[in-house]
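Novice: Starting off with a structure, shown below.
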Amino acid sequence: MLVLAVHGSAVPEAAETIGRLAARLEQTTGVRPVVGHLDVQRPSLGEVLAERPGAVVMPVLLGDGYHRKVDIPAVARAYDCTVTEGLSGERDVTLAVHARLREAEAPLGGWADAIVVAGAGSTRPGGNDGTLAVVDDLRDLRDVPVVPAYCSAAEPTVPEAVARLRAAGHRRVAVAAHLLAPGRFTRALAECGAWAVSEPVADHPRIARLVADRYRAADERWAAEGEHAGSDSSL
């Protein structure tokens with residue numbers, strides 16, 4: 001069984017976005033994932049895993065902050081579940097963010113002359129590394145200034161980063177949302193004064209592909225370990 005550990009949101013569109021990710025995963029893996037929430041929504045991750053001991057848990061999180069490093073492993077251990085790596089730092093995440101940015105730019109008849117990569121933000125060491133990785137990758141893809149900013153917990157804020165780029169003479173400042181699903185952060189980005197703001201990425205095909213690869217790798221490791229244990233017991 002594949003369980004997607006997601007943050008959760010009171011915004012209905014968030015559940016719809018994660019639902020599209022789950023549907024893509026079912027098409028590619030043949031397994032219908034179950035979603036467990038870390039906050040706000042039900043069922044909680046603990047409730048889901050209590051009914052599915054031994055499941056593969058995929059943290060659908062873009063950063064390696066508190067939820068990824070502490071919350072999810074603690075709940076998973078209680079039910080003998082395998083936790084895969086998260087999404088932080090993966091090239092497919094950058095390509096999904098860039099694709100969403102291109103979708104936001106296209107109707108405006110041009111391309112951004114500066115980009116702010118907007119991450120959720122974390123105070124935990126390494127918690128913002130995923131956002132910084134997207135910044136580095138986008139600098140290779142686009143010949144314009146690319147800077148990080150955060151929706152909470154870290155600095156600069158997104159409006160601050162946009163204002164600084166405008167003060168430096170850039171007029172088409174775009175915000176590339178390094179976020180998974182609609183919520184209070186995406187609503188705030190819409191008011192940040194940017195020339196263009198991209199949509200979140202959870203339902204992009206590249207994210208589904210990455211999650212599916214994580215699941216298959218974990219499933220293969222579990223099967224190999226089971227075969228090895230069976231061989232040892234027969235000796």
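Here, A, B, ... name the chains of the structure tokens in the order displayed, residue numbers run from 1 inside each chain, and ligands are numbered from 1 in the same displayed order.
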Among region 118-185 of chain A, which residues does DSSP mark as strand (DSSP E) when it is run on the backbone? Keep the chain and numbering as in the structure and answer as a PDB file with all heavy atoms, in the first residue's frame.
Specialist:
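selection.pdb, written as the output of this step:
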ATOM      1  N   ALA A 118       9.388  31.132  -4.719  1.00  0.00           N
ATOM      2  CA  ALA A 118       8.692  31.279  -3.441  1.00  0.00           C
ATOM      3  C   ALA A 118       8.498  29.925  -2.779  1.00  0.00           C
ATOM      4  O   ALA A 118       7.693  29.108  -3.229  1.00  0.00           O
ATOM      5  CB  ALA A 118       7.345  31.957  -3.654  1.00  0.00           C
ATOM      6  N   GLY A 119       9.242  29.671  -1.700  1.00  0.00           N
ATOM      7  CA  GLY A 119       9.078  28.454  -0.927  1.00  0.00           C
ATOM      8  C   GLY A 119       8.231  28.704   0.305  1.00  0.00           C
ATOM      9  O   GLY A 119       8.004  29.856   0.702  1.00  0.00           O
ATOM     10  N   VAL A 146      17.616  35.136 -10.530  1.00  0.00           N
ATOM     11  CA  VAL A 146      16.684  34.242  -9.820  1.00  0.00           C
ATOM     12  C   VAL A 146      17.059  34.270  -8.343  1.00  0.00           C
ATOM     13  O   VAL A 146      18.208  34.007  -7.993  1.00  0.00           O
ATOM     14  CB  VAL A 146      16.761  32.794 -10.347  1.00  0.00           C
ATOM     15  CG1 VAL A 146      15.729  31.918  -9.650  1.00  0.00           C
ATOM     16  CG2 VAL A 146      16.567  32.744 -11.860  1.00  0.00           C
ATOM     17  N   VAL A 147      16.082  34.586  -7.490  1.00  0.00           N
ATOM     18  CA  VAL A 147      16.356  34.709  -6.060  1.00  0.00           C
ATOM     19  C   VAL A 147      15.327  33.918  -5.258  1.00  0.00           C
ATOM     20  O   VAL A 147      14.195  33.727  -5.700  1.00  0.00           O
ATOM     21  CB  VAL A 147      16.345  36.182  -5.607  1.00  0.00           C
ATOM     22  CG1 VAL A 147      17.388  36.998  -6.372  1.00  0.00           C
ATOM     23  CG2 VAL A 147      14.965  36.794  -5.765  1.00  0.00           C
ATOM     24  N   PRO A 148      15.708  33.458  -4.057  1.00  0.00           N
ATOM     25  CA  PRO A 148      14.751  32.761  -3.197  1.00  0.00           C
ATOM     26  C   PRO A 148      13.977  33.738  -2.320  1.00  0.00           C
ATOM     27  O   PRO A 148      14.454  34.827  -1.992  1.00  0.00           O
ATOM     28  CB  PRO A 148      15.649  31.871  -2.339  1.00  0.00           C
ATOM     29  CG  PRO A 148      16.911  32.672  -2.193  1.00  0.00           C
ATOM     30  CD  PRO A 148      17.074  33.431  -3.502  1.00  0.00           C
ATOM     31  N   ALA A 149      12.782  33.329  -1.912  1.00  0.00           N
ATOM     32  CA  ALA A 149      11.991  34.058  -0.926  1.00  0.00           C
ATOM     33  C   ALA A 149      11.040  33.059  -0.288  1.00  0.00           C
ATOM     34  O   ALA A 149      10.857  31.940  -0.791  1.00  0.00           O
ATOM     35  CB  ALA A 149      11.230  35.209  -1.563  1.00  0.00           C
ATOM     36  N   TYR A 150      10.408  33.481   0.825  1.00  0.00           N
ATOM     37  CA  TYR A 150       9.648  32.514   1.609  1.00  0.00           C
ATOM     38  C   TYR A 150       8.313  33.099   2.055  1.00  0.00           C
ATOM     39  O   TYR A 150       8.184  34.288   2.326  1.00  0.00           O
ATOM     40  CB  TYR A 150      10.477  32.068   2.812  1.00  0.00           C
ATOM     41  CG  TYR A 150      11.812  31.518   2.380  1.00  0.00           C
ATOM     42  CD1 TYR A 150      12.948  32.322   2.376  1.00  0.00           C
ATOM     43  CD2 TYR A 150      11.921  30.217   1.901  1.00  0.00           C
ATOM     44  CE1 TYR A 150      14.173  31.837   1.929  1.00  0.00           C
ATOM     45  CE2 TYR A 150      13.129  29.724   1.444  1.00  0.00           C
ATOM     46  CZ  TYR A 150      14.255  30.532   1.456  1.00  0.00           C
ATOM     47  OH  TYR A 150      15.458  30.048   0.993  1.00  0.00           O
ATOM     48  N   VAL A 173       8.770  40.926 -13.145  1.00  0.00           N
ATOM     49  CA  VAL A 173       9.221  40.052 -12.057  1.00  0.00           C
ATOM     50  C   VAL A 173       8.165  38.967 -11.837  1.00  0.00           C
ATOM     51  O   VAL A 173       7.017  39.261 -11.494  1.00  0.00           O
ATOM     52  CB  VAL A 173       9.440  40.848 -10.755  1.00  0.00           C
ATOM     53  CG1 VAL A 173       9.912  39.902  -9.643  1.00  0.00           C
ATOM     54  CG2 VAL A 173      10.447  41.968 -10.972  1.00  0.00           C
ATOM     55  N   ALA A 174       8.565  37.727 -12.054  1.00  0.00           N
ATOM     56  CA  ALA A 174       7.635  36.610 -11.908  1.00  0.00           C
ATOM     57  C   ALA A 174       7.942  35.839 -10.628  1.00  0.00           C
ATOM     58  O   ALA A 174       9.098  35.730 -10.212  1.00  0.00           O
ATOM     59  CB  ALA A 174       7.738  35.666 -13.102  1.00  0.00           C
ATOM     60  N   VAL A 175       6.897  35.309 -10.026  1.00  0.00           N
ATOM     61  CA  VAL A 175       7.045  34.446  -8.859  1.00  0.00           C
ATOM     62  C   VAL A 175       6.805  33.007  -9.295  1.00  0.00           C
ATOM     63  O   VAL A 175       5.720  32.673  -9.806  1.00  0.00           O
ATOM     64  CB  VAL A 175       6.073  34.840  -7.738  1.00  0.00           C
ATOM     65  CG1 VAL A 175       6.073  33.785  -6.634  1.00  0.00           C
ATOM     66  CG2 VAL A 175       6.448  36.201  -7.169  1.00  0.00           C
ATOM     67  N   ALA A 176       7.812  32.169  -9.106  1.00  0.00           N
ATOM     68  CA  ALA A 176       7.698  30.733  -9.381  1.00  0.00           C
ATOM     69  C   ALA A 176       7.360  30.051  -8.061  1.00  0.00           C
ATOM     70  O   ALA A 176       8.185  30.000  -7.143  1.00  0.00           O
ATOM     71  CB  ALA A 176       9.004  30.188  -9.947  1.00  0.00           C
ATOM     72  N   ALA A 177       6.148  29.542  -7.946  1.00  0.00           N
ATOM     73  CA  ALA A 177       5.687  28.964  -6.691  1.00  0.00           C
ATOM     74  C   ALA A 177       6.312  27.590  -6.459  1.00  0.00           C
ATOM     75  O   ALA A 177       6.021  26.640  -7.186  1.00  0.00           O
ATOM     76  CB  ALA A 177       4.169  28.855  -6.690  1.00  0.00           C
ATOM     77  N   HIS A 178       7.170  27.506  -5.468  1.00  0.00           N
ATOM     78  CA  HIS A 178       7.740  26.220  -5.048  1.00  0.00           C
ATOM     79  C   HIS A 178       6.828  25.663  -3.957  1.00  0.00           C
ATOM     80  O   HIS A 178       7.208  25.486  -2.799  1.00  0.00           O
ATOM     81  CB  HIS A 178       9.168  26.434  -4.556  1.00  0.00           C
ATOM     82  CG  HIS A 178       9.877  25.167  -4.183  1.00  0.00           C
ATOM     83  ND1 HIS A 178      10.459  24.969  -2.955  1.00  0.00           N
ATOM     84  CD2 HIS A 178      10.091  24.027  -4.885  1.00  0.00           C
ATOM     85  CE1 HIS A 178      10.997  23.771  -2.911  1.00  0.00           C
ATOM     86  NE2 HIS A 178      10.793  23.181  -4.062  1.00  0.00           N
TER      87      HIS A 178
END
Novice: Near Pro107 (chain A), within 12 Å and counting only C-alpha atoms, which residues show up once chain neighbours fewer than 5 positions away are dropped, as a ChimeraX atom specification?
Specialist: /A:101-102,195-198
Novice: Convert the current residue selection to file output with N, CA and C atoms, as a PDB file, in the first residue's frame.
Specialist:
ATOM      1  N   LEU A 101       5.746  27.962 -14.419  1.00  0.00           N
ATOM      2  CA  LEU A 101       6.113  29.359 -14.656  1.00  0.00           C
ATOM      3  C   LEU A 101       5.885  29.731 -16.116  1.00  0.00           C
ATOM      4  N   ARG A 102       6.276  28.863 -17.022  1.00  0.00           N
ATOM      5  CA  ARG A 102       6.042  29.135 -18.452  1.00  0.00           C
ATOM      6  C   ARG A 102       4.547  29.262 -18.745  1.00  0.00           C
ATOM      7  N   TRP A 195       4.554  40.465 -11.594  1.00  0.00           N
ATOM      8  CA  TRP A 195       4.029  40.517 -12.970  1.00  0.00           C
ATOM      9  C   TRP A 195       3.303  39.222 -13.318  1.00  0.00           C
ATOM     10  N   ALA A 196       3.803  38.094 -12.825  1.00  0.00           N
ATOM     11  CA  ALA A 196       3.177  36.789 -13.056  1.00  0.00           C
ATOM     12  C   ALA A 196       3.445  35.908 -11.841  1.00  0.00           C
ATOM     13  N   VAL A 197       2.500  35.048 -11.539  1.00  0.00           N
ATOM     14  CA  VAL A 197       2.644  34.098 -10.424  1.00  0.00           C
ATOM     15  C   VAL A 197       2.226  32.722 -10.936  1.00  0.00           C
ATOM     16  N   SER A 198       3.076  31.739 -10.748  1.00  0.00           N
ATOM     17  CA  SER A 198       2.766  30.406 -11.265  1.00  0.00           C
ATOM     18  C   SER A 198       1.920  29.609 -10.283  1.00  0.00           C
TER      19      SER A 198
END
Novice: Skip Gly127 (chain A) itself and residues of its chain fewer than 6 positions away, then list as JSON, numbers by chain all residues within 8 Å of it, counting only C-alpha atoms.
Specialist: {"A": [63, 64, 65, 66, 121]}
Novice: Residues as selected, all heavy atoms, written as an mmCIF file, in the first residue's frame, can you do that?
Specialist:
data_model
loop_
_atom_site.group_PDB
_atom_site.id
_atom_site.type_symbol
_atom_site.label_atom_id
_atom_site.label_comp_id
_atom_site.auth_asym_id
_atom_site.auth_seq_id
_atom_site.Cartn_x
_atom_site.Cartn_y
_atom_site.Cartn_z
ATOM 1 N N GLY A 63 10.240 20.324 1.082
ATOM 2 C CA GLY A 63 11.376 20.632 1.942
ATOM 3 C C GLY A 63 11.592 19.547 2.981
ATOM 4 O O GLY A 63 10.706 18.741 3.270
ATOM 5 N N ASP A 64 12.790 19.528 3.541
ATOM 6 C CA ASP A 64 13.112 18.571 4.593
ATOM 7 C C ASP A 64 13.085 19.277 5.948
ATOM 8 O O ASP A 64 14.083 19.325 6.670
ATOM 9 C CB ASP A 64 14.493 17.945 4.342
ATOM 10 C CG ASP A 64 14.450 16.897 3.244
ATOM 11 O OD1 ASP A 64 13.359 16.364 2.987
ATOM 12 O OD2 ASP A 64 15.506 16.619 2.642
ATOM 13 N N GLY A 65 11.933 19.831 6.290
ATOM 14 C CA GLY A 65 11.752 20.512 7.556
ATOM 15 C C GLY A 65 11.265 19.566 8.642
ATOM 16 O O GLY A 65 11.461 18.340 8.578
ATOM 17 N N TYR A 66 10.576 20.111 9.633
ATOM 18 C CA TYR A 66 10.162 19.349 10.807
ATOM 19 C C TYR A 66 9.249 18.173 10.448
ATOM 20 O O TYR A 66 9.439 17.066 10.944
ATOM 21 C CB TYR A 66 9.451 20.280 11.792
ATOM 22 C CG TYR A 66 9.084 19.615 13.090
ATOM 23 C CD1 TYR A 66 10.016 19.493 14.117
ATOM 24 C CD2 TYR A 66 7.813 19.090 13.295
ATOM 25 C CE1 TYR A 66 9.694 18.853 15.307
ATOM 26 C CE2 TYR A 66 7.472 18.466 14.490
ATOM 27 C CZ TYR A 66 8.415 18.351 15.494
ATOM 28 O OH TYR A 66 8.084 17.726 16.668
ATOM 29 N N GLY A 121 8.993 27.987 3.435
ATOM 30 C CA GLY A 121 9.843 28.524 4.483
ATOM 31 C C GLY A 121 9.926 27.607 5.685
ATOM 32 O O GLY A 121 8.948 26.973 6.075
#
Novice: Considering only helix (DSSP H, G or I) as DSSP defines it on the backbone, what residues of chain A qualify? List them as a ChimeraX atom specification.
Specialist: /A:12-29,45-50,66-78,91-108,129-141,158-167,184-189,205-233
Novice: List the neighbours of Val3 (chain A) out to 6 Å using only C-alpha atoms; skip same-chain residues closer than 2 positions along the sequence, and give me the result as a list in words.
Specialist: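 That gives Pro33, Val34, Val35 and Val57 of chain A.
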Novice: Give me the residues near Arg91 (chain A) as a PyMOL selection string, where near means some atom within 8 Å (using only C-alpha atoms) and where sequence neighbours in that chain fewer than 3 positions away do not count.
Specialist: chain A and resi 94-95+134+137
